[in-house]
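*Asks:* Structure supplied as my_file13.cif; contents: mmCIF, C-alpha atoms.
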```cif
data_final
#
loop_
_atom_site.label_atom_id
_atom_site.label_comp_id
_atom_site.auth_asym_id
_atom_site.auth_seq_id
_atom_site.Cartn_x
_atom_site.Cartn_y
_atom_site.Cartn_z
CA MET A 1 168.68 76.83 148.17
CA PRO A 2 168.48 77.04 144.34
CA THR A 3 170.74 79.61 142.68
CA HIS A 4 169.91 81.08 139.29
CA THR A 5 172.52 82.86 137.20
CA PHE A 6 171.60 85.52 134.64
CA GLY A 7 173.52 87.54 132.10
CA PRO A 8 173.08 89.12 128.67
CA GLU A 9 172.02 85.76 127.22
CA SER A 10 169.05 85.50 129.61
CA GLY A 11 168.16 89.08 130.40
CA THR A 12 168.71 92.75 129.81
CA LEU A 13 170.35 95.48 131.86
CA HIS A 14 169.81 99.05 130.70
CA VAL A 15 170.64 102.55 131.94
CA ARG A 16 168.47 105.53 130.99
CA THR A 17 169.83 109.05 131.25
CA GLY A 18 168.09 112.40 131.02
CA ARG A 19 169.37 115.90 130.32
CA LYS A 20 169.06 119.31 131.85
CA GLY A 21 170.52 122.79 131.59
CA ALA A 22 169.97 125.79 129.36
CA ALA A 23 171.06 123.83 126.27
CA ALA A 24 169.18 120.60 127.14
CA LYS A 25 167.38 120.67 123.79
CA ALA A 26 170.72 120.08 122.05
CA GLY A 27 171.43 116.86 123.97
CA HIS A 28 169.90 113.41 124.03
CA ASP A 29 168.17 111.20 126.54
CA LEU A 30 170.15 107.98 126.25
CA LEU A 31 169.22 104.32 126.42
CA ILE A 32 172.42 102.42 127.25
CA GLU A 33 172.77 98.64 127.21
CA VAL A 34 175.15 96.83 129.55
CA THR A 35 176.65 94.00 127.49
CA ARG A 36 178.77 92.20 130.14
CA TRP A 37 177.16 91.46 133.49
CA GLU A 38 176.25 88.55 135.75
CA ALA A 39 173.52 88.32 138.36
CA THR A 40 172.92 85.51 140.82
CA VAL A 41 169.59 85.07 142.54
CA GLU A 42 169.09 82.63 145.41
CA THR A 43 165.56 81.45 146.13
CA ALA A 44 163.88 79.03 148.54
CA GLY A 45 162.58 77.03 145.55
CA GLU A 46 161.31 77.21 141.99
CA GLY A 47 158.94 80.16 141.49
CA ALA A 48 159.75 81.53 144.96
CA PRO A 49 160.80 85.15 145.39
CA PRO A 50 164.50 85.94 145.70
CA GLU A 51 166.19 85.70 149.07
CA ARG A 52 169.60 87.01 147.98
CA VAL A 53 170.67 88.94 144.89
CA ALA A 54 174.15 89.79 143.61
CA LEU A 55 175.13 91.66 140.46
CA ASP A 56 178.55 92.27 138.90
CA VAL A 57 178.96 94.63 135.94
CA ASP A 58 181.87 95.34 133.62
CA SER A 59 181.63 99.13 133.43
CA THR A 60 183.46 99.17 130.08
CA SER A 61 180.62 97.22 128.45
CA LEU A 62 178.08 100.04 128.22
CA ARG A 63 176.82 100.70 124.66
CA VAL A 64 174.44 103.43 123.52
CA LEU A 65 171.37 101.82 121.94
CA ASP A 66 169.35 104.98 121.35
CA GLY A 67 169.34 108.71 121.87
CA THR A 68 166.06 110.60 121.81
CA GLY A 69 165.60 114.33 121.55
CA GLY A 70 168.48 116.51 120.52
CA MET A 71 169.00 118.73 117.54
CA GLN A 72 170.44 115.88 115.43
CA SER A 73 170.20 112.11 115.63
CA LEU A 74 173.13 110.19 117.08
CA ASP A 75 175.53 108.61 114.61
CA ASP A 76 178.17 105.92 115.14
CA ASP A 77 180.86 108.52 115.95
CA ASP A 78 178.59 110.07 118.61
CA ARG A 79 177.98 106.64 120.14
CA SER A 80 181.70 105.89 120.16
CA ASN A 81 182.51 109.26 121.77
CA ILE A 82 179.87 108.71 124.46
CA ARG A 83 181.29 105.24 125.18
CA GLN A 84 184.81 106.68 125.48
CA THR A 85 183.59 109.44 127.81
CA ILE A 86 181.78 106.93 130.04
CA ASP A 87 184.93 104.78 130.26
CA ASP A 88 187.49 107.57 130.72
CA GLU A 89 185.63 110.33 132.57
CA VAL A 90 182.52 108.95 134.27
CA LEU A 91 182.92 105.32 135.40
CA LEU A 92 186.72 105.27 135.10
CA ARG A 93 186.72 101.60 134.01
CA GLN A 94 185.97 100.48 137.57
CA PRO A 95 183.79 97.44 138.32
CA ILE A 96 180.24 97.90 139.54
CA SER A 97 178.55 95.55 142.01
CA PHE A 98 175.33 95.23 143.98
CA ARG A 99 174.75 92.93 146.96
CA SER A 100 171.36 92.57 148.61
CA THR A 101 171.05 93.02 152.36
CA ALA A 102 167.28 92.36 152.64
CA VAL A 103 164.57 91.17 150.25
CA ARG A 104 160.84 91.62 150.85
CA ALA A 105 158.12 90.14 148.64
CA ASP A 106 154.36 90.60 148.84
CA ASP A 107 151.56 88.35 147.60
CA ASP A 108 151.13 90.41 144.41
CA GLY A 109 154.62 89.58 143.12
CA ARG A 110 156.16 92.92 144.07
CA VAL A 111 159.69 92.57 145.43
CA THR A 112 161.76 95.20 147.24
CA ILE A 113 165.48 94.53 147.29
CA ASP A 114 167.57 96.59 149.69
CA GLY A 115 171.29 96.38 149.21
CA GLU A 116 174.59 98.09 148.67
CA LEU A 117 175.79 99.39 145.32
CA THR A 118 179.52 99.81 144.76
CA LEU A 119 180.15 102.37 142.05
CA ASN A 120 183.25 104.45 141.44
CA GLY A 121 184.88 102.79 144.46
CA ALA A 122 182.15 104.01 146.83
CA THR A 123 179.52 101.79 148.47
CA HIS A 124 176.12 103.16 149.47
CA PRO A 125 172.62 101.77 150.10
CA LEU A 126 170.27 101.34 147.14
CA THR A 127 166.71 100.04 146.94
CA VAL A 128 165.54 98.15 143.87
CA ASP A 129 161.84 97.77 143.06
CA ALA A 130 161.01 94.61 141.13
CA ALA A 131 158.19 92.30 140.11
CA LEU A 132 158.24 88.50 139.95
CA ASP A 133 155.84 86.76 137.60
CA GLY A 134 154.55 83.20 137.84
CA ALA A 135 157.17 81.96 135.35
CA GLY A 136 160.03 83.19 137.53
CA ALA A 137 160.86 86.32 135.50
CA LEU A 138 162.21 89.17 137.60
CA ASP A 139 161.90 92.70 136.20
CA GLY A 140 162.76 95.89 138.01
CA ARG A 141 164.34 99.26 138.28
CA ALA A 142 166.31 101.52 140.56
CA VAL A 143 167.18 105.19 140.46
CA VAL A 144 170.85 106.01 141.03
CA LYS A 145 171.83 109.55 141.93
CA GLN A 146 175.35 109.75 140.51
CA SER A 147 176.62 112.42 142.91
CA GLU A 148 175.92 110.15 145.91
CA TRP A 149 178.67 107.86 144.59
CA GLY A 150 181.11 110.69 143.90
CA LEU A 151 180.37 110.82 140.18
CA THR A 152 180.09 114.14 138.41
CA PRO A 153 177.39 113.92 135.75
CA TYR A 154 178.77 114.66 132.29
CA SER A 155 178.38 118.24 131.07
CA ALA A 156 179.22 120.12 127.87
CA LEU A 157 178.94 123.60 126.43
CA PHE A 158 180.46 125.09 129.59
CA GLY A 159 177.82 123.43 131.75
CA ALA A 160 174.83 124.55 129.69
CA LEU A 161 174.12 120.91 128.77
CA LYS A 162 174.26 118.30 131.53
CA VAL A 163 173.32 114.71 132.06
CA ALA A 164 170.75 114.65 134.88
CA ASP A 165 172.18 113.48 138.22
CA GLU A 166 169.58 110.71 138.50
CA VAL A 167 169.80 107.80 136.07
CA THR A 168 167.43 104.85 135.94
CA VAL A 169 168.73 101.30 135.86
CA GLU A 170 166.27 98.73 134.44
CA PHE A 171 166.62 94.97 134.29
CA SER A 172 164.68 92.01 133.03
CA SER A 173 165.62 88.37 133.56
CA ARG A 174 164.12 85.08 132.47
CA ARG A 175 164.63 81.77 134.29
#
```
Represent the supplied structure as C-alpha cells.

*Replies:*
Amino acid sequence: MPTHTFGPESGTLHVRTGRKGAAAKAGHDLLIEVTRWEATVETAGEGAPPERVALDVDSTSLRVLDGTGGMQSLDDDDRSNIRQTIDDEVLLRQPISFRSTAVRADDDGRVTIDGELTLNGATHPLTVDAALDGAGALDGRAVVKQSEWGLTPYSALFGALKVADEVTVEFSSRR
C-alpha cells in the first residue's frame, strides 16, 4: 500500500476565522497559515483515492497571512499579538492530530473522510470533504466548531467582538 507524505513543502494548510458580536465591524476575518504540519495518505495505488489519512500539526506554527474587514488593516504588531493569543489562550501550545476512521470516494473524485480530531486534549469525530484530481492532488475542507473541543473562541471589548465558533480548515496537497 503506497504511502504519500505531505507538508508545507508540498501543500498548504489554512484556517479561516470569522467574527461576530455587536462590534464585529471592528475585527477581522483571518486567513491563518499552518507552517509546520505533516500528513500521510495511504492509497491502494498511484492515482487511487486515499484509504487512510493522518495529520499532525504543531499548534505553535500558525501565522496570520491576511485579515479582511475591520476598521484598520492588520500590521505586524497585530499579527504578532494574534499569534501570541492563539498560542497562550486558545490552542495552549498543544499538538493537533487527525486520524481517519473511514474513507469513501465516488466516481467523480469526491472523497469523504470520517475521522477523529484531537484538539485541546479532546478527541471528537470530524468529517472532511475533499476532492481528488487525476494527478493525485487532494484538496478539501472541514468546519471545526471550537466549543465542541472545549475551546472558548477569542473575544474582546467585553465580548462585543468575538471570533465565530466555527472555523474552516482548508488543505491542498500535491503528489

*Asks:* Please measure the separation of CA of Asp165 (chain A) and CA of Leu13 (chain A), giving the value in Å to one decimal.

*Replies:* 19.2 Å

*Asks:* Identify all residues satisfying the PyMOL selection byres ((chain A and resi 102-113) around 10) in the given file; provide them as a list in words.

*Replies:* Ala48, Pro49, Pro50, Glu51, Arg52, Val53, Arg99, Ser100, Thr101, Asp114, Gly115, Glu116, Leu126, Thr127, Val128, Asp129, Ala130, Ala131, Leu132, Asp133, Gly134, Leu138, Asp139, Gly140 and Ala142 of chain A

*Asks:* Select, from A:Val167, A:Ala122, A:Ile96, A:Ala137, the residue with the minimum atom-to-atom distance to Ser10 (chain A), counting all atoms listed in the file.

*Replies:*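 Distance minimum relative to Ser10 (chain A) lands on A:Ala137.
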
*Asks:* Can you work out the spacing between CA of Ser73 (chain A) and CA of Leu92 (chain A) in Å, to one decimal?

*Replies:* 26.4 Å

*Asks:* Rounded to one decimal place, report the CA of Ala54 (chain A)-CA of Gln94 (chain A) distance in Å.

*Replies:*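 Going from CA of Ala54 (chain A) over to CA of Gln94 (chain A) covers 17.0 Å.
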
*Asks:* From the list A:Gln72, A:Met1, A:Phe6, A:Thr60, which residue is nearest Glu89 (chain A) when using all atoms listed in the file?

*Replies:*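 For Glu89 (chain A), the nearest of the candidates is A:Thr60.
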
*Asks:* What's around Arg16 (chain A) at 12 Å? Count all atoms listed in the file, leave out sequence neighbours fewer than 5 positions away in its own chain, and write the answer as a list in words.

*Replies:* His28, Asp29, Leu30, Leu31, Ile32, Glu33, Val34, Leu62, Arg63, Val64, Leu65, Asp66, Gly67, Thr68, Arg141, Ala142, Val143, Val144, Val163, Ala164, Asp165, Glu166, Val167, Thr168, Val169, Glu170 and Phe171 of chain A

*Asks:* Got a sec to check which residues sit within 10 Å of (180.7, 113.2, 140.0), counting all atoms listed in the file, and write them as a list of chain:residue names?

*Replies:*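 Those residues lying close to the given coordinates are A:Glu89, A:Val90, A:Leu91, A:Asn120, A:Lys145, A:Gln146, A:Ser147, A:Glu148, A:Trp149, A:Gly150, A:Leu151, A:Thr152, A:Pro153, A:Tyr154, A:Asp165.
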
*Asks:* Skipping near chain neighbours, those fewer than 6 positions away, what residues fall within 7 Å of Glu38 (chain A) using all atoms listed in the file, listed as a compact mmCIF listing (two decimals) with C-alpha atoms, in the frame of the given file?

*Replies:*
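The result, written out as part_16.txt:
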```
# COMPACT_ATOMS: atom_id res chain seq x y z
CA THR A 5 172.52 82.86 137.20
CA PHE A 6 171.60 85.52 134.64
CA GLY A 7 173.52 87.54 132.10
CA LEU A 55 175.13 91.66 140.46
CA ASP A 56 178.55 92.27 138.90
CA VAL A 57 178.96 94.63 135.94
```
